[in-house]
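Reproduced below: model.tsv, with TSV, C-alpha atoms.
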```tsv
chain	number	residue	atom	x	y	z
C	1	MET	CA	-73.57	80.06	41.73
C	2	SER	CA	-71.69	78.90	38.67
C	3	SER	CA	-68.14	79.55	37.50
C	4	ALA	CA	-66.65	79.37	34.03
C	5	THR	CA	-63.21	77.80	33.46
C	6	PRO	CA	-61.03	79.91	31.10
C	7	LYS	CA	-60.32	78.04	27.89
C	8	TYR	CA	-57.02	77.94	25.99
C	9	ASN	CA	-57.37	80.09	22.83
C	10	PRO	CA	-54.56	79.47	20.28
C	11	ARG	CA	-55.57	82.54	18.28
C	12	LEU	CA	-55.21	84.87	21.26
C	13	VAL	CA	-51.86	83.29	22.21
C	14	GLY	CA	-50.62	83.72	18.65
C	15	LEU	CA	-51.68	87.38	18.63
C	16	GLY	CA	-49.89	87.86	21.97
C	17	LEU	CA	-46.69	86.34	20.60
C	18	LEU	CA	-46.88	88.54	17.50
C	19	ALA	CA	-47.43	91.63	19.65
C	20	GLY	CA	-44.48	90.68	21.86
C	21	ALA	CA	-42.25	90.11	18.84
C	22	ALA	CA	-43.31	93.45	17.37
C	23	LEU	CA	-42.50	95.23	20.63
C	24	GLY	CA	-39.13	93.44	20.80
C	25	ILE	CA	-38.22	94.48	17.25
C	26	ALA	CA	-39.33	98.05	17.96
C	27	TRP	CA	-37.15	98.12	21.08
C	28	ALA	CA	-34.17	96.68	19.19
C	29	ASN	CA	-34.59	99.22	16.39
C	30	THR	CA	-34.75	102.03	18.93
C	31	ARG	CA	-31.59	100.74	20.64
C	32	GLN	CA	-29.94	100.43	17.21
C	33	ARG	CA	-30.66	104.10	16.45
C	34	GLN	CA	-29.45	105.12	19.92
C	35	GLN	CA	-26.18	103.21	19.48
C	36	THR	CA	-25.63	104.70	16.05
C	37	ARG	CA	-26.07	108.17	17.53
C	38	TYR	CA	-24.43	107.80	20.95
C	39	GLY	CA	-22.17	104.78	20.51
C	40	PRO	CA	-22.49	101.16	21.62
C	41	PRO	CA	-22.97	100.16	25.27
C	42	SER	CA	-19.88	99.67	27.38
C	43	LEU	CA	-18.84	96.17	28.34
C	44	ILE	CA	-19.76	96.84	31.99
C	45	ASP	CA	-22.57	98.97	33.40
C	46	TRP	CA	-20.72	100.11	36.50
C	47	ASP	CA	-23.78	101.69	38.10
C	48	ARG	CA	-25.63	98.41	37.78
C	49	ALA	CA	-22.70	96.45	39.25
C	50	ARG	CA	-22.53	98.87	42.19
C	51	SER	CA	-26.29	98.71	42.76
C	52	ILE	CA	-26.32	94.89	42.82
C	53	ALA	CA	-23.34	94.73	45.19
C	54	ARG	CA	-24.94	97.23	47.57
C	55	GLN	CA	-28.26	95.36	47.49
C	56	ILE	CA	-26.44	92.20	48.59
C	57	ILE	CA	-24.79	93.77	51.64
C	58	LYS	CA	-27.61	96.20	52.64
C	59	GLU	CA	-25.38	98.38	54.82
C	60	GLU	CA	-26.35	101.53	56.68
C	61	ASP	CA	-24.14	104.64	56.76
C	62	ALA	CA	-21.46	104.84	59.43
C	63	ALA	CA	-22.09	106.93	62.55
C	64	PRO	CA	-20.57	110.44	62.79
C	65	GLY	CA	-16.91	110.31	63.81
C	66	TRP	CA	-16.62	106.61	62.94
C	67	HIS	CA	-14.10	107.12	60.13
C	68	GLU	CA	-11.86	109.50	62.04
C	69	SER	CA	-11.71	107.26	65.10
C	70	TRP	CA	-10.89	104.07	63.21
C	71	GLN	CA	-8.50	105.81	60.81
C	72	GLU	CA	-6.41	107.03	63.73
C	73	TYR	CA	-6.52	103.55	65.24
C	74	TYR	CA	-5.28	101.81	62.08
C	75	GLN	CA	-2.62	104.43	61.47
C	76	GLY	CA	-1.27	103.49	64.89
C	77	MET	CA	-1.42	99.78	64.03
C	78	VAL	CA	0.50	100.25	60.76
C	79	ALA	CA	3.12	102.39	62.55
C	80	ARG	CA	3.68	99.49	64.96
C	81	CYS	CA	4.27	97.19	61.98
C	82	TYR	CA	7.08	99.23	60.39
C	83	PRO	CA	9.95	98.40	62.79
C	84	VAL	CA	9.14	94.69	63.18
C	85	ILE	CA	8.75	94.10	59.43
C	86	THR	CA	11.92	96.10	58.73
C	87	GLU	CA	13.82	93.97	61.24
C	88	GLU	CA	12.49	90.73	59.76
C	89	ILE	CA	13.22	91.46	56.09
C	90	GLY	CA	16.23	93.75	56.58
C	91	ARG	CA	14.84	96.57	54.43
C	92	GLU	CA	13.02	99.78	55.33
C	93	LEU	CA	9.93	101.13	53.66
C	94	PRO	CA	11.16	104.14	51.61
C	95	VAL	CA	8.28	106.40	52.67
C	96	PRO	CA	5.58	105.75	55.29
C	97	ILE	CA	2.15	104.99	53.84
C	98	GLU	CA	0.11	108.18	53.82
C	99	SER	CA	-3.33	106.80	52.95
C	100	ILE	CA	-4.57	104.44	55.66
C	101	GLN	CA	-8.35	104.25	55.87
C	102	ALA	CA	-11.10	102.39	57.71
C	103	PHE	CA	-13.81	101.45	55.22
C	104	THR	CA	-17.42	100.44	55.41
C	105	ARG	CA	-18.43	97.68	53.02
C	106	ASN	CA	-20.06	100.21	50.68
C	107	GLU	CA	-16.85	102.23	50.57
C	108	TRP	CA	-14.86	99.11	49.75
C	109	ILE	CA	-17.23	98.43	46.85
C	110	ASP	CA	-16.85	102.00	45.54
C	111	ALA	CA	-13.05	101.91	45.78
C	112	ASN	CA	-12.82	98.61	43.93
C	113	ILE	CA	-15.25	99.63	41.23
C	114	ALA	CA	-12.96	102.60	40.58
C	115	ASN	CA	-10.02	100.16	40.36
C	116	PHE	CA	-11.89	97.78	38.07
C	117	LYS	CA	-12.87	100.63	35.75
C	118	GLU	CA	-9.19	101.49	35.28
C	119	LEU	CA	-8.23	97.87	34.82
C	120	PHE	CA	-11.06	97.23	32.34
C	121	GLN	CA	-10.26	100.20	30.10
C	122	PRO	CA	-7.96	98.18	27.80
C	123	ILE	CA	-10.58	95.41	27.63
C	124	GLU	CA	-13.30	97.96	26.79
C	125	GLY	CA	-11.13	99.22	23.92
C	126	LEU	CA	-10.62	95.70	22.59
C	127	TYR	CA	-14.33	94.97	22.92
C	128	ASP	CA	-15.22	98.04	20.84
C	129	LYS	CA	-12.76	97.02	18.09
C	130	VAL	CA	-14.06	93.51	17.58
C	131	ARG	CA	-17.77	94.31	17.82
C	132	ALA	CA	-19.39	94.11	14.39
C	133	GLY	CA	-20.89	97.51	13.77
C	134	HIS	CA	-24.47	98.38	14.71
C	135	SER	CA	-26.34	95.41	13.20
C	136	LEU	CA	-29.54	94.35	14.94
C	137	GLY	CA	-27.84	91.21	16.26
C	138	SER	CA	-24.83	93.08	17.64
C	139	VAL	CA	-27.16	95.58	19.34
C	140	VAL	CA	-29.06	92.85	21.16
C	141	MET	CA	-25.92	90.88	22.06
C	142	GLY	CA	-24.19	94.05	23.27
C	143	ASP	CA	-27.02	94.74	25.72
C	144	VAL	CA	-27.16	91.09	26.81
C	145	ASN	CA	-23.39	90.94	27.37
C	146	GLN	CA	-23.46	94.14	29.40
C	147	PHE	CA	-26.37	92.93	31.54
C	148	VAL	CA	-24.79	89.53	32.27
C	149	LEU	CA	-21.26	90.78	32.96
C	150	SER	CA	-22.44	93.72	35.07
C	151	SER	CA	-24.64	91.42	37.13
C	152	GLU	CA	-21.85	88.87	37.60
C	153	LEU	CA	-19.40	91.54	38.71
C	154	GLY	CA	-21.96	93.04	41.08
C	155	VAL	CA	-22.58	89.65	42.72
C	156	LEU	CA	-18.83	89.03	43.06
C	157	LEU	CA	-18.22	92.44	44.63
C	158	GLY	CA	-21.16	91.96	46.99
C	159	TYR	CA	-19.79	88.58	48.05
C	160	LEU	CA	-16.28	89.91	48.64
C	161	ALA	CA	-17.49	93.06	50.39
C	162	ARG	CA	-18.76	90.88	53.24
C	163	ARG	CA	-15.51	88.94	53.53
C	164	VAL	CA	-12.49	91.13	52.76
C	165	LEU	CA	-10.72	92.23	55.95
C	166	GLY	CA	-7.88	94.37	54.61
C	167	GLN	CA	-6.48	95.42	51.26
C	168	TYR	CA	-3.32	97.01	49.95
C	169	ASP	CA	-4.47	98.94	46.89
C	170	LEU	CA	-1.92	99.85	44.25
C	171	SER	CA	-3.69	100.86	41.04
C	172	LEU	CA	-2.40	98.87	38.09
C	173	LEU	CA	-2.39	100.09	34.48
C	174	GLY	CA	-3.64	103.50	35.59
C	175	LYS	CA	-3.20	106.57	33.42
C	176	GLU	CA	-1.24	108.40	36.10
C	177	PRO	CA	1.91	106.90	37.64
C	178	VAL	CA	1.33	105.64	41.16
C	179	THR	CA	4.26	105.82	43.54
C	180	GLN	CA	2.46	104.78	46.70
C	181	GLY	CA	-0.45	102.51	47.47
C	182	ARG	CA	-3.31	102.79	49.93
C	183	LEU	CA	-4.24	100.58	52.85
C	184	TYR	CA	-7.91	99.80	53.49
C	185	PHE	CA	-9.29	98.04	56.57
C	186	VAL	CA	-12.92	96.92	56.22
C	187	GLU	CA	-13.77	97.37	59.88
C	188	PRO	CA	-17.34	95.90	59.85
C	189	ASN	CA	-15.94	92.61	58.52
C	190	ILE	CA	-13.00	92.64	60.93
C	191	ALA	CA	-15.32	93.27	63.86
C	192	GLY	CA	-17.63	90.49	62.69
C	193	VAL	CA	-14.86	87.89	62.47
C	194	GLN	CA	-13.36	89.00	65.78
C	195	THR	CA	-16.72	88.56	67.51
C	196	GLU	CA	-17.47	85.27	65.73
C	197	LEU	CA	-14.14	83.73	66.76
C	198	GLY	CA	-13.91	85.38	70.18
C	199	LEU	CA	-10.48	86.92	69.47
C	200	ASN	CA	-8.61	89.73	71.19
C	201	GLY	CA	-9.51	92.80	69.11
C	202	ASP	CA	-6.17	94.60	69.18
C	203	ASP	CA	-4.15	91.44	68.51
C	204	PHE	CA	-6.39	90.40	65.62
C	205	ARG	CA	-6.26	93.83	63.98
C	206	LEU	CA	-2.47	93.99	64.35
C	207	TRP	CA	-2.24	90.53	62.77
C	208	ILE	CA	-4.19	91.78	59.74
C	209	ALA	CA	-2.16	95.00	59.60
C	210	LEU	CA	1.07	92.98	59.46
C	211	HIS	CA	-0.11	91.16	56.34
C	212	GLU	CA	-1.30	94.27	54.49
C	213	THR	CA	1.70	96.42	55.48
C	214	THR	CA	4.02	93.69	54.18
C	215	HIS	CA	2.32	94.12	50.79
C	216	ALA	CA	3.35	97.77	50.90
C	217	TYR	CA	6.97	96.73	51.46
C	218	GLU	CA	6.80	94.29	48.54
C	219	PHE	CA	5.61	96.89	46.04
C	220	GLU	CA	7.16	100.10	47.37
C	221	ALA	CA	10.55	98.86	48.57
C	222	TYR	CA	10.95	96.95	45.28
C	223	PRO	CA	9.52	99.17	42.48
C	224	TRP	CA	10.24	96.56	39.79
C	225	VAL	CA	7.42	94.39	41.19
C	226	ARG	CA	4.70	96.78	40.02
C	227	GLU	CA	6.39	97.29	36.65
C	228	TYR	CA	6.69	93.54	36.15
C	229	PHE	CA	3.06	92.99	37.22
C	230	ASN	CA	1.93	95.63	34.71
C	231	SER	CA	3.98	94.05	31.92
C	232	LEU	CA	2.33	90.69	32.52
C	233	LEU	CA	-1.14	92.29	32.49
C	234	GLU	CA	-0.40	94.15	29.26
C	235	GLU	CA	0.79	90.92	27.65
C	236	TYR	CA	-2.39	89.23	28.86
C	237	PHE	CA	-4.52	91.91	27.19
C	238	SER	CA	-2.70	91.37	23.91
C	239	TYR	CA	-3.68	87.68	24.04
C	240	LEU	CA	-7.22	88.65	24.99
C	241	SER	CA	-7.36	90.87	21.90
C	242	ASP	CA	-6.45	87.88	19.73
C	243	ASP	CA	-9.17	85.75	21.34
C	244	MET	CA	-11.78	88.46	20.93
C	245	SER	CA	-10.87	88.74	17.25
C	246	THR	CA	-11.20	84.96	16.95
C	247	ILE	CA	-14.67	85.03	18.49
C	248	ALA	CA	-15.69	87.93	16.27
C	249	SER	CA	-14.66	85.99	13.17
C	250	GLY	CA	-17.74	83.83	13.55
C	251	LEU	CA	-18.51	80.13	13.90
C	252	GLY	CA	-15.03	79.09	12.79
C	253	GLY	CA	-13.48	81.13	15.58
C	254	LEU	CA	-15.78	79.59	18.18
C	255	ARG	CA	-14.90	76.13	16.89
C	256	SER	CA	-11.22	76.99	17.25
C	257	LEU	CA	-11.66	77.95	20.90
C	258	ALA	CA	-13.82	74.88	21.54
C	259	GLY	CA	-11.12	72.69	20.04
C	260	ARG	CA	-8.54	74.31	22.28
C	261	ALA	CA	-10.74	73.63	25.30
C	262	ARG	CA	-11.11	69.97	24.33
C	263	SER	CA	-7.35	69.53	23.94
C	264	ASN	CA	-6.81	71.14	27.36
C	265	LEU	CA	-9.48	69.08	29.09
C	266	ASN	CA	-7.03	66.67	30.65
C	267	ASN	CA	-4.26	69.21	31.26
C	268	GLY	CA	-5.88	72.29	32.82
C	269	GLU	CA	-5.93	72.57	36.59
C	270	SER	CA	-8.91	74.94	36.58
C	271	TRP	CA	-11.74	76.00	34.27
C	272	ILE	CA	-9.87	79.28	33.66
C	273	GLU	CA	-7.10	77.37	31.90
C	274	MET	CA	-9.44	75.39	29.68
C	275	VAL	CA	-9.41	77.82	26.73
C	276	MET	CA	-5.77	78.92	27.01
C	277	SER	CA	-3.22	78.52	24.26
C	278	PRO	CA	0.29	77.31	25.25
C	279	ASP	CA	1.54	80.93	25.29
C	280	GLN	CA	-1.39	82.04	27.41
C	281	ARG	CA	-0.81	79.18	29.83
C	282	ALA	CA	2.87	80.14	30.20
C	283	LEU	CA	1.85	83.74	30.97
C	284	PHE	CA	-0.84	82.56	33.38
C	285	ASN	CA	1.78	80.49	35.20
C	286	LYS	CA	3.99	83.57	35.58
C	287	LEU	CA	1.09	85.56	37.04
C	288	GLN	CA	0.26	82.68	39.38
C	289	ALA	CA	3.87	82.45	40.53
C	290	LEU	CA	4.12	86.19	41.18
C	291	MET	CA	0.84	86.33	43.10
C	292	SER	CA	1.82	83.25	45.09
C	293	ILE	CA	5.03	84.93	46.26
C	294	ILE	CA	3.27	88.24	47.01
C	295	GLU	CA	0.59	86.55	49.12
C	296	GLY	CA	2.71	83.75	50.56
C	297	TYR	CA	5.53	86.04	51.65
C	298	SER	CA	3.05	88.34	53.41
C	299	ASN	CA	1.58	85.34	55.20
C	300	TYR	CA	5.05	84.24	56.27
C	301	ILE	CA	5.90	87.69	57.69
C	302	MET	CA	2.50	87.95	59.39
C	303	ASN	CA	3.08	84.63	61.11
C	304	ALA	CA	6.80	84.97	61.81
C	305	VAL	CA	6.44	88.42	63.37
C	306	GLY	CA	3.05	87.73	64.91
C	307	GLU	CA	4.36	84.75	66.80
C	308	ARG	CA	6.84	87.00	68.62
C	309	LEU	CA	4.63	90.08	68.89
C	310	LEU	CA	1.11	88.88	69.75
C	311	PRO	CA	0.22	87.08	72.97
C	312	SER	CA	-2.81	85.44	71.34
C	313	TYR	CA	-1.07	84.60	68.04
C	314	ALA	CA	-1.57	80.82	68.29
C	315	THR	CA	-5.29	81.24	69.01
C	316	ILE	CA	-5.77	83.67	66.10
C	317	LYS	CA	-4.03	81.41	63.60
C	318	GLU	CA	-5.85	78.26	64.74
C	319	GLN	CA	-9.30	79.88	64.84
C	320	PHE	CA	-8.83	81.60	61.49
C	321	GLU	CA	-7.74	78.41	59.76
C	322	GLN	CA	-10.63	76.43	61.27
C	323	ARG	CA	-13.07	79.09	60.08
C	324	ALA	CA	-11.99	78.51	56.47
C	325	THR	CA	-12.94	74.83	56.76
C	326	ARG	CA	-16.50	75.63	57.85
C	327	ARG	CA	-17.69	77.14	54.56
C	328	SER	CA	-21.07	76.00	53.33
C	329	ALA	CA	-21.45	73.86	50.21
C	330	VAL	CA	-22.93	76.85	48.36
C	331	GLU	CA	-19.98	79.06	49.29
C	332	LYS	CA	-17.47	76.40	48.24
C	333	LEU	CA	-19.24	76.11	44.87
C	334	PHE	CA	-19.21	79.90	44.43
C	335	ILE	CA	-15.49	80.02	45.22
C	336	ARG	CA	-14.74	77.31	42.68
C	337	ILE	CA	-16.90	78.82	39.92
C	338	THR	CA	-15.50	82.34	40.31
C	339	GLY	CA	-11.88	81.20	40.42
C	340	LEU	CA	-11.35	82.44	43.98
C	341	ALA	CA	-10.02	78.99	44.81
C	342	LEU	CA	-6.96	79.91	42.75
C	343	LYS	CA	-6.24	82.84	45.07
C	344	MET	CA	-6.53	80.61	48.13
C	345	GLU	CA	-4.11	78.17	46.54
C	346	GLN	CA	-1.73	81.09	45.93
C	347	TYR	CA	-1.64	81.89	49.64
C	348	LYS	CA	-0.83	78.32	50.64
C	349	MET	CA	1.63	77.46	47.89
C	350	GLY	CA	3.59	80.71	48.31
C	351	GLU	CA	3.66	80.40	52.09
C	352	ASN	CA	4.87	76.79	51.90
C	353	PHE	CA	7.64	77.86	49.51
C	354	ILE	CA	8.89	80.69	51.75
C	355	ASN	CA	8.69	78.46	54.83
C	356	ALA	CA	10.77	75.80	53.08
C	357	VAL	CA	13.44	78.24	51.88
C	358	VAL	CA	13.70	79.90	55.31
C	359	ALA	CA	14.00	76.50	56.98
C	360	GLU	CA	16.78	75.49	54.57
C	361	ARG	CA	18.68	78.75	54.03
C	362	GLY	CA	17.20	81.46	56.28
C	363	ILE	CA	15.19	84.61	55.64
C	364	THR	CA	18.12	86.29	53.84
C	365	ALA	CA	17.95	83.64	51.13
C	366	ALA	CA	14.15	83.90	50.89
C	367	ASN	CA	14.40	87.68	50.50
C	368	ARG	CA	16.34	87.16	47.27
C	369	VAL	CA	13.01	86.61	45.48
C	370	TRP	CA	12.73	90.44	45.53
C	371	GLU	CA	15.98	91.02	43.61
C	372	GLY	CA	14.24	90.91	40.23
C	373	PRO	CA	11.99	88.85	37.91
C	374	ASP	CA	14.74	86.30	37.25
C	375	MET	CA	14.88	85.48	40.95
C	376	LEU	CA	11.18	84.71	41.21
C	377	PRO	CA	10.39	81.01	41.44
C	378	THR	CA	8.56	79.37	38.59
C	379	LEU	CA	5.30	77.55	39.29
C	380	GLU	CA	7.25	74.27	39.27
C	381	GLU	CA	9.81	75.68	41.74
C	382	LEU	CA	7.01	76.87	44.02
C	383	ARG	CA	5.91	73.26	44.26
C	384	ASN	CA	9.51	72.10	44.65
C	385	PRO	CA	11.44	74.77	46.65
C	386	ASN	CA	14.65	72.73	46.51
C	387	ALA	CA	14.78	73.29	42.75
C	388	TRP	CA	14.77	77.09	43.31
C	389	ILE	CA	17.42	76.74	46.02
C	390	ALA	CA	19.59	74.62	43.71
C	391	ARG	CA	19.23	77.19	40.90
C	392	ASN	CA	20.27	80.14	43.04
C	393	PHE	CA	22.56	78.52	45.62
C	394	PRO	CA	24.46	75.87	43.63
C	395	ASN	CA	27.09	75.29	46.33
```
structure tokens encoding of this file:
Amino acid sequence: MSSATPKYNPRLVGLGLLAGAALGIAWANTRQRQQTRYGPPSLIDWDRARSIARQIIKEEDAAPGWHESWQEYYQGMVARCYPVITEEIGRELPVPIESIQAFTRNEWIDANIANFKELFQPIEGLYDKVRAGHSLGSVVMGDVNQFVLSSELGVLLGYLARRVLGQYDLSLLGKEPVTQGRLYFVEPNIAGVQTELGLNGDDFRLWIALHETTHAYEFEAYPWVREYFNSLLEEYFSYLSDDMSTIASGLGGLRSLAGRARSNLNNGESWIEMVMSPDQRALFNKLQALMSIIEGYSNYIMNAVGERLLPSYATIKEQFEQRATRRSAVEKLFIRITGLALKMEQYKMGENFINAVVAERGITAANRVWEGPDMLPTLEELRNPNAWIARNFPN
């Protein structure tokens, strides 16, 4: 029995390449006609992002009665937080939080896609303005951009959906004014961490509720915080519009951004800062400072109150901190690439600042950060709390 070895045929390969090119051009022309008729693709394909995120977590539907049972449980936990947080900060929550929900991971994904869609609306508008018509190149790049960004967002949401424990959700830049936020508790993740660390379930859930309920106090007892946050985001989008216009201007614009990145190479603390102008960096520092106080203050309250309220407080804190040090090399790389390391730094830097101010001047002095934007520490003052104390308590 004999066998023949297939031989390489350049002519057939060439015909195959020509056929593939012809099909690609036909597809691009079809997409070009579709975009001319129906409009260009959006920056993000939200259905694709949702599908990818759900594929990552592979979660089954919750059992009947699951939501009602856990919702009642967490409502009770949040109610327990009100008096102890009020006593600690000396200010009551104007209105109790009405929306307190236990979420599955899929539900957390859906809720945050809805939030991202609102937040991305200004970016979508800017993207449409700078896109160069319906040329063949812009058609192809529009589809490529959408595919890449949608996939990246889906992976990020899938990653977070397995790790987020609780969330205070206050829609930013929404069309309708929001007067009260929503509290989400991702019970499958909470249960997983509780089991992994061998923690007391009620104590651990109350510890998480203290952190998230404190966020409600920050935004709802001090309405200026949301307004200030929105103003910073709107200013950021104006800078983003300038950068998009620069990129759309062609090779010269790309060279300009590359030059900016080179000049920032030795100054930026993260890859996110690499392409920032001086004005953008100043705005970024303001956002960092605000988020550091929001997260750090909540951590301080969670720990200060938890220490008095929870019998297993010391165990929870120790186990939770040790867990963060056991991340795999892949997870650490993912955190660094996505910029999540910045958020972790916010927690620590803000908490250290509040701890230092309380130790020096007491909680009443630390609470002055909520008097208005001028009382917020700068990024430099967060790293040097004595500078903030000297600025606001000169005697």
Hey, what's within 12 Å of Tyr217 (chain C) if we count all atoms listed in the file and toss same-chain stuff fewer than 2 positions away? As a count of residues only, please? 40
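Nearest to Ala63 (chain C) of all the residues C:Asn303, C:Asn230, C:Thr104, C:Thr325 is C:Thr104, counting all atoms listed in the file.
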Leaving out region 44-59 of chain C and any residue of its chain fewer than 2 positions from it, which residues lie within 10 Å of it when counting all atoms listed in the file, given as an MDAnalysis selection string? chainID C and resid 41:42 61:62 104:107 109:110 112:114 116:117 120 124 143 145:162 188
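Coordinates place CA of Glu380 (chain C) at a distance of 16.6 Å from CA of Gln280 (chain C).
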Expressed in Å to a single decimal, how great is the separation between CA of Lys286 (chain C) and CA of Leu233 (chain C)?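 We find that CA of Lys286 (chain C) and CA of Leu233 (chain C) lie 10.6 Å from each other.
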Can you measure CA of Arg368 (chain C) to CA of Glu307 (chain C) for me? One decimal in Å is fine.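 Atom-to-atom, CA of Arg368 (chain C) to CA of Glu307 (chain C), that is 23.0 Å.
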Given only C-alpha atoms as the basis, pick out the residue of C:Arg163, C:Arg281, C:Arg383, C:Arg326 nearest to Glu345 (chain C).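 Comparing C:Arg163, C:Arg281, C:Arg383, C:Arg326 against Glu345 (chain C), the winner is C:Arg383.
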